[in-house]
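Peer 1: Let me begin by handing over the structure; questions about it come next.
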Amino acid sequence: MRHPLVMGNWKLKGSTHMVSELIAGLRNALSRVDGCGVAIAPPVMYLDQARHALAGSCIALGAQNVDINLSGAFTGEISANMLRDVGAQYIIIGHSERRTYHKETDRAISEKFAVLKEAGLIPVLCIGETEAENEEGKTEEVCARQIDAVIKTLGAPAMKGAVIAYEPVWAIGTGKSATPAQAQAVHKFIRDHIAKHDTAIAAEVIIQYGGSVNDKNATELFAQPDIDGALVGGASLKADAFAAIVKAASAAKKS
Ligand code: 13P
């Protein structure tokens with residue numbers, strides 16, 4: 001039986017002070033969580049600090065990117081083994097900000113997916129359409145293409161144990177979340193698409209929603225049958241708001 005996962009993507013935000021304050025606040029607010037995974041992905045600079053601050057808590061550590069290479073002359077990059085070495089488990093790949101600003105292709109993202117699986121880490125594969133693609137009715141086509149890039153190179157079994165985050169680009173950081181019904185329709189499409197390859201893996205794969213999730217809209221989103229938690233940006237930087245989102249996910253799947 002799959003369970004929801006609420007993960008905070010801190011993006012390029014933080015300082016040593018903020019990391020210790022925010023994690024202390026999260027530990028306080030989330031001393032116990034049932035039926036829901038929780039993770040945070042601080043900037044890579046602060047992973048080791050965060051690992052120590054999270055020790056003994058129910059909050060897992062994640063990261064926001066990985067390189068396709070394991071070692072060598074690749075200035076500025078971070079490998080999957082390094083992430084594992086500092087205790088990161090959930091690694092975001094294919095975020096629209098990286099696709100846009102760093103020109104990451106579907107092919108490069110599928111290579112990242114492969115190195116993470118090889119290292120025993122959990123890929124959190126972000127997919128989603130832009131506003132223009134949405135208006136042109138291409139949402140399903142884009143999501144299918146982004147998932148197929150992984151399935152065609154690695155096979156459907158690679159999706160076992162992975163996480164997909166459906167993040168419509170037009171909803172990220174805009175305050176304009178997809179409606180629960182809109183998101184549910186795309187989540188169902190994604191699950192059905194994977195089911196064409198493997199029904200058991202499709203039934204188990206966690207599909208998070210991301211894009212302007214907050215403590216006000218979380219409950220309604222999580223009430224949808226195919227929405228398994230969220231990848232949260234802005235609201236993950238406030239302990240109370242993030243804890244409320246986690247509690248909404250935990251409550252939704254108990255009922
Ligand atoms: P916001 O929650 O700030 O819209 O960001 C979503 C996101 O990009 C998470 O990866």
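Chain identifiers are assigned as A, B, and so on, following the order in which chains appear in the structure tokens; residues are numbered from 1 within each chain, and ligands are numbered from 1 in order of appearance.
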Within 6 Å of ligand 1, which residues show up when you count only C-alpha atoms and all ligand atoms? List them as a list of chain:residue names, please.
Peer 2: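 I would give the residues around ligand 1 as A:Asn9, A:Ile172, A:Gly173, A:Gly210, A:Gly211, A:Ser212, A:Val213, A:Leu231, A:Val232, A:Gly233, A:Gly234.
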Peer 1: Write out as a list of chain:residue names all residues of range 5-91 of chain A that backbone DSSP assigns to strand (DSSP E).
Peer 2: A:Leu5, A:Val6, A:Met7, A:Gly8, A:Asn9, A:Gly37, A:Val38, A:Ala39, A:Ile40, A:Ala41, A:Ala60, A:Leu61, A:Gly62, A:Ala63, A:Tyr90, A:Ile91
Peer 1: I need the residues of range 25-218 of chain A that end up classed as helix (DSSP H, G or I) by DSSP on the backbone, written out as a ChimeraX atom specification.
Peer 2: /A:25-29,44-54,80-85,96-101,106-118,131-135,139-154,156-159,169-171,180-195,199-204,218
Peer 1: Find the residues near range 74-87 of chain A: any atom within 12 Å, counting only C-alpha atoms, skip ones fewer than 3 places away on the same chain, and give them as a ChimeraX atom specification.
Peer 2: /A:39-41,43-55,59-71,90-93,111-123
Peer 1: Could you check the closest approach to Thr100 in chain A for each of A:Ala235, A:Ala156, A:Val169, A:Ala223 and tell me which residue wins, using only C-alpha atoms?
Peer 2: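 Of the candidates, the smallest distance to Thr100 in chain A is held by A:Val169.
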Peer 1: Give me the residues near Ile127 in chain A as a tab-separated table (two decimals) with N, CA and C atoms, in the first residue's frame, where near means some atom within 8 Å (using only C-alpha atoms) and where sequence neighbours in that chain fewer than 6 positions away do not count.
Peer 2:
chain	number	residue	atom	x	y	z
A	94	GLY	N	15.15	16.72	-12.69
A	94	GLY	CA	14.24	17.16	-13.73
A	94	GLY	C	13.33	18.30	-13.32
A	95	HIS	N	13.70	19.03	-12.27
A	95	HIS	CA	12.87	20.17	-11.89
A	95	HIS	C	12.80	21.15	-13.06
A	96	SER	N	11.67	21.79	-13.22
A	96	SER	CA	11.51	22.68	-14.38
A	96	SER	C	12.52	23.82	-14.34
A	143	CYS	N	3.76	15.17	-20.27
A	143	CYS	CA	4.02	14.28	-19.12
A	143	CYS	C	4.43	12.89	-19.61
A	146	GLN	N	8.02	12.94	-20.88
A	146	GLN	CA	9.03	13.06	-19.81
A	146	GLN	C	9.17	11.73	-19.03
A	147	ILE	N	8.08	11.01	-18.89
A	147	ILE	CA	8.17	9.70	-18.21
A	147	ILE	C	8.78	8.65	-19.16
A	164	ILE	N	7.39	10.28	-8.45
A	164	ILE	CA	7.15	11.23	-9.53
A	164	ILE	C	6.51	12.46	-8.91
A	165	ALA	N	6.97	13.63	-9.30
A	165	ALA	CA	6.32	14.87	-8.84
A	165	ALA	C	5.74	15.57	-10.05
A	166	TYR	N	4.42	15.64	-10.10
A	166	TYR	CA	3.78	16.40	-11.18
A	166	TYR	C	3.74	17.86	-10.75
A	167	GLU	N	4.52	18.68	-11.46
A	167	GLU	CA	4.60	20.10	-11.13
A	167	GLU	C	4.31	20.93	-12.38
A	168	PRO	N	3.04	21.32	-12.57
A	168	PRO	CA	2.77	22.19	-13.72
A	168	PRO	C	3.58	23.48	-13.57
Peer 1: Could you please determine the separation between CA of Val186 in chain A and CA of Leu12 in chain A in Å, to one decimal place?
Peer 2: 28.1 Å
Peer 1: Separation of CA of Lys238 in chain A and CA of Ala183 in chain A, in Å?
Peer 2: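 About the pair CA of Lys238 in chain A and CA of Ala183 in chain A: they are 24.0 Å apart.
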Peer 1: Tell me, as a list in words, which residues lie within 10 Å of Glu204 in chain A, counting only C-alpha atoms; anything in the same chain fewer than 6 positions away does not count.
Peer 2: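 Using only C-alpha atoms, the neighbours found are Met1, Arg2, His3, Met159, Lys160, Gly161, Ala162, Val163 and Arg191 of chain A.
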Peer 1: Just write the chosen residues, N, CA and C atoms, as a tab-separated table (two decimals), in the first residue's frame.
Peer 2:
chain	number	residue	atom	x	y	z
A	1	MET	N	0.86	-1.20	0.00
A	1	MET	CA	0.00	0.00	0.00
A	1	MET	C	0.89	1.24	0.00
A	2	ARG	N	0.70	2.11	-1.01
A	2	ARG	CA	1.59	3.29	-1.05
A	2	ARG	C	1.15	4.31	0.00
A	3	HIS	N	2.10	5.14	0.39
A	3	HIS	CA	1.80	6.18	1.36
A	3	HIS	C	2.25	7.52	0.78
A	159	MET	N	10.96	2.30	-12.40
A	159	MET	CA	10.02	3.17	-11.67
A	159	MET	C	9.68	2.61	-10.29
A	160	LYS	N	10.01	1.35	-10.08
A	160	LYS	CA	9.69	0.75	-8.77
A	160	LYS	C	10.47	1.48	-7.68
A	161	GLY	N	9.74	1.94	-6.68
A	161	GLY	CA	10.39	2.64	-5.57
A	161	GLY	C	10.75	4.09	-5.86
A	162	ALA	N	10.51	4.55	-7.08
A	162	ALA	CA	10.82	5.95	-7.40
A	162	ALA	C	9.62	6.83	-7.05
A	163	VAL	N	9.82	8.13	-7.11
A	163	VAL	CA	8.76	9.09	-6.83
A	163	VAL	C	8.63	9.98	-8.07
A	191	ARG	N	-0.54	7.68	-13.77
A	191	ARG	CA	-0.59	6.32	-13.22
A	191	ARG	C	-1.04	5.32	-14.30
Peer 1: Which is closest to Asn214 in chain A among A:Glu129, A:Glu135, A:Asp148, A:Asp240, if we use only C-alpha atoms?
Peer 2: A:Asp240
Peer 1: Write out as a PyMOL selection string the residues lying within 8 Å of Val150 in chain A, counting only C-alpha atoms and excluding same-chain residues fewer than 5 positions away.
Peer 2: chain A and resi 106-107+109-110+113+155+158
Peer 1: Using only C-alpha atoms, which of the listed residues (A:Leu5, A:Ala203, A:Ala88, A:Ile23) sits closest to Ser57 in chain A?
Peer 2: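 Among A:Leu5, A:Ala203, A:Ala88, A:Ile23, it is A:Ile23 that comes nearest to Ser57 in chain A.
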Peer 1: One decimal, in Å: what's the spacing between CA of Gln224 in chain A and CA of Ala181 in chain A?
Peer 2: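 Computing the Euclidean distance for CA of Gln224 in chain A and CA of Ala181 in chain A yields 7.7 Å.
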Peer 1: Would you mind listing what lies within 10 Å of Ala24 in chain A as a VMD selection string, with only C-alpha atoms counted and same-chain residues fewer than 4 positions away left out?
Peer 2: chain A and resid 18 to 20 28 to 30 53 to 54 239
Peer 1: Choose the residue, out of A:Arg32, A:Lys11, A:His187, A:His197, that has the smallest atom-to-atom separation from Asp228 in chain A; count only C-alpha atoms.
Peer 2: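 That would be A:His187, the residue with the smallest distance to Asp228 in chain A.
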